[in-house]
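Novice: Input file: run_32.pdb. Contents: PDB, C-alpha atoms.
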ATOM      1  CA  MET A   1       0.000   0.000   0.000
ATOM      2  CA  ARG A   2       1.303   3.415  -0.960
ATOM      3  CA  CYS A   3       0.245   6.714   0.447
ATOM      4  CA  LYS A   4       1.201  10.131  -0.764
ATOM      5  CA  SER A   5       0.457  13.324   1.107
ATOM      6  CA  LYS A   6       1.237  16.974   0.755
ATOM      7  CA  VAL A   7       1.380  19.363   3.707
ATOM      8  CA  LYS A   8       1.098  23.116   3.401
ATOM      9  CA  ILE A   9       2.052  25.087   6.474
ATOM     10  CA  ASN A  10       0.306  28.403   6.924
ATOM     11  CA  HIS A  11       3.123  30.427   8.465
ATOM     12  CA  GLN A  12       1.005  33.572   8.744
ATOM     13  CA  ARG A  13      -1.642  31.774  10.783
ATOM     14  CA  ILE A  14       0.986  30.213  13.056
ATOM     15  CA  LYS A  15       2.495  33.655  13.626
ATOM     16  CA  GLN A  16      -0.963  35.083  14.377
ATOM     17  CA  LEU A  17      -1.681  32.294  16.884
ATOM     18  CA  SER A  18       1.679  32.862  18.592
ATOM     19  CA  GLU A  19       1.130  36.609  18.831
ATOM     20  CA  SER A  20      -2.396  36.033  20.137
ATOM     21  CA  SER A  21      -1.096  33.762  22.888
ATOM     22  CA  ILE A  22       1.393  36.416  24.043
ATOM     23  CA  LEU A  23      -1.270  39.128  24.034
ATOM     24  CA  ALA A  24      -3.734  36.854  25.844
ATOM     25  CA  LEU A  25      -1.085  36.120  28.493
ATOM     26  CA  GLU A  26      -0.470  39.854  29.047
ATOM     27  CA  GLN A  27      -4.186  40.612  29.228
ATOM     28  CA  THR A  28      -4.753  37.711  31.632
ATOM     29  CA  ALA A  29      -2.098  39.134  33.951
ATOM     30  CA  GLU A  30      -3.761  42.561  33.772
ATOM     31  CA  ALA A  31      -7.130  40.966  34.557
ATOM     32  CA  LEU A  32      -5.637  39.156  37.559
ATOM     33  CA  HIS A  33      -4.077  42.417  38.753
ATOM     34  CA  THR A  34      -7.441  44.166  38.516
ATOM     35  CA  GLU A  35      -9.213  41.239  40.183
ATOM     36  CA  GLU A  36      -6.863  41.308  43.184
ATOM     37  CA  VAL A  37      -7.165  45.073  43.662
ATOM     38  CA  GLN A  38     -10.961  44.995  43.373
ATOM     39  CA  ALA A  39     -11.198  42.109  45.838
ATOM     40  CA  ALA A  40      -9.870  44.525  48.517
ATOM     41  CA  ILE A  41      -7.591  41.849  49.979
ATOM     42  CA  ILE A  42      -4.303  43.739  49.903
ATOM     43  CA  PRO A  43      -3.498  45.539  53.177
ATOM     44  CA  ARG A  44      -4.115  49.240  52.655
ATOM     45  CA  ASP A  45      -2.620  52.188  54.435
ATOM     46  CA  SER A  46      -1.879  54.959  51.955
ATOM     47  CA  GLY A  47      -2.729  52.878  48.878
ATOM     48  CA  THR A  48       0.825  52.451  47.600
ATOM     49  CA  LEU A  49       0.865  48.688  48.072
ATOM     50  CA  GLU A  50      -2.043  48.219  45.668
ATOM     51  CA  GLY A  51      -1.485  51.375  43.637
ATOM     52  CA  GLU A  52       1.419  52.565  41.532
ATOM     53  CA  ALA A  53       3.885  50.170  43.181
ATOM     54  CA  PHE A  54       1.822  47.118  42.128
ATOM     55  CA  PHE A  55       1.984  46.395  38.405
ATOM     56  CA  VAL A  56       2.281  43.723  35.730
ATOM     57  CA  ASP A  57       5.789  43.127  34.370
ATOM     58  CA  LYS A  58       5.402  42.102  30.716
ATOM     59  CA  SER A  59       9.091  42.288  29.800
ATOM     60  CA  GLN A  60       9.373  38.489  29.347
ATOM     61  CA  SER A  61       5.929  37.871  27.870
ATOM     62  CA  SER A  62       7.350  36.713  24.535
ATOM     63  CA  GLY A  63       8.972  33.866  26.478
ATOM     64  CA  GLY A  64       5.682  32.961  28.160
ATOM     65  CA  LYS A  65       6.286  34.684  31.492
ATOM     66  CA  VAL A  66       4.546  37.645  33.107
ATOM     67  CA  SER A  67       4.809  38.715  36.736
ATOM     68  CA  LEU A  68       2.779  40.661  39.239
ATOM     69  CA  VAL A  69       5.349  42.911  40.896
ATOM     70  CA  ASN A  70       5.207  45.059  43.986
ATOM     71  CA  THR A  71       8.151  47.412  44.382
ATOM     72  CA  THR A  72       7.539  48.522  47.949
ATOM     73  CA  PRO A  73      10.175  47.342  50.427
ATOM     74  CA  TYR A  74       7.524  46.217  52.916
ATOM     75  CA  ALA A  75       5.373  44.146  50.524
ATOM     76  CA  ARG A  76       7.164  40.885  51.299
ATOM     77  CA  ARG A  77       6.946  41.453  55.048
ATOM     78  CA  LEU A  78       3.213  42.194  54.888
ATOM     79  CA  TYR A  79       2.585  39.244  52.586
ATOM     80  CA  TYR A  80       4.184  36.718  54.939
ATOM     81  CA  HIS A  81       3.710  38.562  58.261
ATOM     82  CA  PRO A  82       0.524  40.635  58.025
ATOM     83  CA  GLU A  83       0.290  40.992  61.787
ATOM     84  CA  TYR A  84       2.758  43.893  61.495
ATOM     85  CA  HIS A  85       1.169  47.174  60.362
ATOM     86  CA  PHE A  86      -1.997  45.531  59.092
ATOM     87  CA  HIS A  87      -5.073  47.660  58.377
ATOM     88  CA  GLN A  88      -8.516  46.348  57.580
ATOM     89  CA  GLN A  89     -10.528  49.298  58.863
ATOM     90  CA  PRO A  90     -10.197  52.993  57.986
ATOM     91  CA  TRP A  91      -8.249  54.981  60.571
ATOM     92  CA  GLU A  92      -6.897  58.479  61.208
ATOM     93  CA  GLU A  93      -3.532  59.671  62.391
ATOM     94  CA  THR A  94      -2.559  63.089  63.656
ATOM     95  CA  ILE A  95       0.918  64.167  62.623
ATOM     96  CA  TYR A  96       2.696  66.921  64.529
ATOM     97  CA  LYS A  97       5.297  68.926  62.636
ATOM     98  CA  GLN A  98       8.343  70.682  64.056
ATOM     99  CA  ASP A  99       6.638  74.081  63.810
ATOM    100  CA  GLU A 100       3.946  72.695  66.167
ATOM    101  CA  THR A 101       1.258  72.542  63.493
ATOM    102  CA  GLU A 102      -0.736  69.387  63.202
ATOM    103  CA  ARG A 103      -2.255  67.551  60.279
ATOM    104  CA  THR A 104      -4.744  64.699  60.276
ATOM    105  CA  VAL A 105      -4.078  61.954  57.767
ATOM    106  CA  LYS A 106      -6.863  59.543  56.874
ATOM    107  CA  HIS A 107      -6.085  55.984  55.870
ATOM    108  CA  ASP A 108      -8.525  53.728  54.079
ATOM    109  CA  GLY A 109      -8.425  50.086  55.045
ATOM    110  CA  ASN A 110      -9.456  47.143  52.893
ATOM    111  CA  SER A 111     -12.181  45.184  54.630
ATOM    112  CA  ASN A 112     -10.989  41.847  53.216
ATOM    113  CA  ALA A 113      -7.273  42.513  53.749
ATOM    114  CA  LYS A 114      -5.108  39.571  54.639
ATOM    115  CA  GLY A 115      -1.632  38.171  54.276
ATOM    116  CA  LYS A 116      -0.734  35.907  51.356
ATOM    117  CA  TRP A 117      -3.280  37.715  49.194
ATOM    118  CA  HIS A 118      -2.309  35.841  45.992
ATOM    119  CA  GLU A 119      -3.190  32.408  47.398
ATOM    120  CA  ASP A 120      -6.864  32.496  46.383
ATOM    121  CA  TRP A 121      -5.773  32.488  42.717
ATOM    122  CA  LEU A 122      -3.089  29.796  43.083
ATOM    123  CA  ALA A 123      -3.683  26.046  42.667
ATOM    124  CA  GLY A 124      -6.023  24.850  45.390
ATOM    125  CA  GLY A 125      -7.368  28.338  46.074
ATOM    126  CA  SER A 126     -11.002  29.362  45.890
ATOM    127  CA  LYS A 127     -10.441  31.232  42.599
ATOM    128  CA  ALA A 128      -7.841  28.906  41.059
ATOM    129  CA  ASP A 129      -9.827  28.595  37.820
ATOM    130  CA  PHE A 130      -9.812  32.356  37.145
ATOM    131  CA  VAL A 131      -6.479  32.479  35.271
ATOM    132  CA  PRO A 132      -6.976  29.436  32.988
ATOM    133  CA  LYS A 133     -10.556  30.425  32.131
ATOM    134  CA  THR A 134      -9.594  34.044  31.475
ATOM    135  CA  PHE A 135      -6.635  33.038  29.291
ATOM    136  CA  LYS A 136      -8.774  30.597  27.313
ATOM    137  CA  LYS A 137     -11.484  33.167  26.676
ATOM    138  CA  LEU A 138      -9.003  35.886  25.679
ATOM    139  CA  TYR A 139      -6.954  33.562  23.468
ATOM    140  CA  GLN A 140     -10.030  32.309  21.625
ATOM    141  CA  ARG A 141     -11.204  35.864  21.008
ATOM    142  CA  LEU A 142      -7.801  37.204  19.944
ATOM    143  CA  ALA A 143      -6.939  34.208  17.737
ATOM    144  CA  GLY A 144     -10.342  34.139  16.107
ATOM    145  CA  LEU A 145     -11.059  30.573  17.138
TER     146      LEU A 145
END
Kindly transcribe the structure held in the file into structure tokens.
Specialist:
Amino acid sequence: MRCKSKVKINHQRIKQLSESSILALEQTAEALHTEEVQAAIIPRDSGTLEGEAFFVDKSQSSGGKVSLVNTTPYARRLYYHPEYHFHQQPWEETIYKQDETERTVKHDGNSNAKGKWHEDWLAGGSKADFVPKTFKKLYQRLAGL
């Protein structure tokens, strides 16, 4: 028995699928970032920990890696030891300056704040299916599948 076949590889489509997977990965990381901030689980004092210091690093996305990064020096300590400087409720602080003037600073707490705030989205967590489902949906849309 003889069999003859001819294979044509659509390089443009393969390139489009690869680019779609990278874009879907980046958008999934952004969605996870938004999800964590909106869940109000990150300890909040002035908002830096969940604000401008918390971002998605996409520099290695072409290699299949994105990272949620927090640049504050105290993020690691609060993640693993939230009992130190941990705010769930709003609070006020009066600051006295050297010229004897005072200023009241208001801090907003996050009602669901806790340590190890990423764990809900990791394997075994209550929202572990969020990342795979989000990636699948985004990839299908971007790739036109």
Novice: Using the chain letters and residue numbers of this document, give as a ChimeraX atom specification the residues selected by the PyMOL selection byres ((chain A and resi 64) around 12).
Specialist: /A:18-26,28-29,57-63,65-67
Novice: Hey, can you check how far atom CA of A:Ala40 sits from atom CA of A:Leu78?
Specialist: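 According to the coordinates, atom CA of A:Ala40 and atom CA of A:Leu78 are separated by 14.7 Å.
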Novice: Where does the PyMOL selection byres ((chain A and resi 51) around 12) land in this file, that is, which residues does it pick, as a PDB file with C-alpha atoms, in the frame of the given file?
Specialist:
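What landed in part-v4.pdb:
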ATOM      1  CA  HIS A  33      -4.077  42.417  38.753  1.00  0.00           C
ATOM      2  CA  THR A  34      -7.441  44.166  38.516  1.00  0.00           C
ATOM      3  CA  GLU A  36      -6.863  41.308  43.184  1.00  0.00           C
ATOM      4  CA  VAL A  37      -7.165  45.073  43.662  1.00  0.00           C
ATOM      5  CA  GLN A  38     -10.961  44.995  43.373  1.00  0.00           C
ATOM      6  CA  ALA A  40      -9.870  44.525  48.517  1.00  0.00           C
ATOM      7  CA  ILE A  42      -4.303  43.739  49.903  1.00  0.00           C
ATOM      8  CA  PRO A  43      -3.498  45.539  53.177  1.00  0.00           C
ATOM      9  CA  ARG A  44      -4.115  49.240  52.655  1.00  0.00           C
ATOM     10  CA  ASP A  45      -2.620  52.188  54.435  1.00  0.00           C
ATOM     11  CA  SER A  46      -1.879  54.959  51.955  1.00  0.00           C
ATOM     12  CA  GLY A  47      -2.729  52.878  48.878  1.00  0.00           C
ATOM     13  CA  THR A  48       0.825  52.451  47.600  1.00  0.00           C
ATOM     14  CA  LEU A  49       0.865  48.688  48.072  1.00  0.00           C
ATOM     15  CA  GLU A  50      -2.043  48.219  45.668  1.00  0.00           C
ATOM     16  CA  GLU A  52       1.419  52.565  41.532  1.00  0.00           C
ATOM     17  CA  ALA A  53       3.885  50.170  43.181  1.00  0.00           C
ATOM     18  CA  PHE A  54       1.822  47.118  42.128  1.00  0.00           C
ATOM     19  CA  PHE A  55       1.984  46.395  38.405  1.00  0.00           C
ATOM     20  CA  VAL A  56       2.281  43.723  35.730  1.00  0.00           C
ATOM     21  CA  VAL A  69       5.349  42.911  40.896  1.00  0.00           C
ATOM     22  CA  ASN A  70       5.207  45.059  43.986  1.00  0.00           C
ATOM     23  CA  THR A  71       8.151  47.412  44.382  1.00  0.00           C
ATOM     24  CA  THR A  72       7.539  48.522  47.949  1.00  0.00           C
TER      25      THR A  72
END
Novice: For atom CA of A:Arg76 and atom CA of A:Thr134, determine how far apart the two atoms are, in Å to one decimal place.
Specialist: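 Those two atoms sit 26.8 Å apart.
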Novice: Once 3 Å is added on each side, what centre and edge lengths in Å to one decimal does the axis-aligned box around all listed atoms of stretch 58-63 of chain A have, as JSON?
Specialist:
{"center_x": 7.4, "center_y": 38.1, "center_z": 27.6, "size_x": 10.0, "size_y": 14.4, "size_z": 12.2}
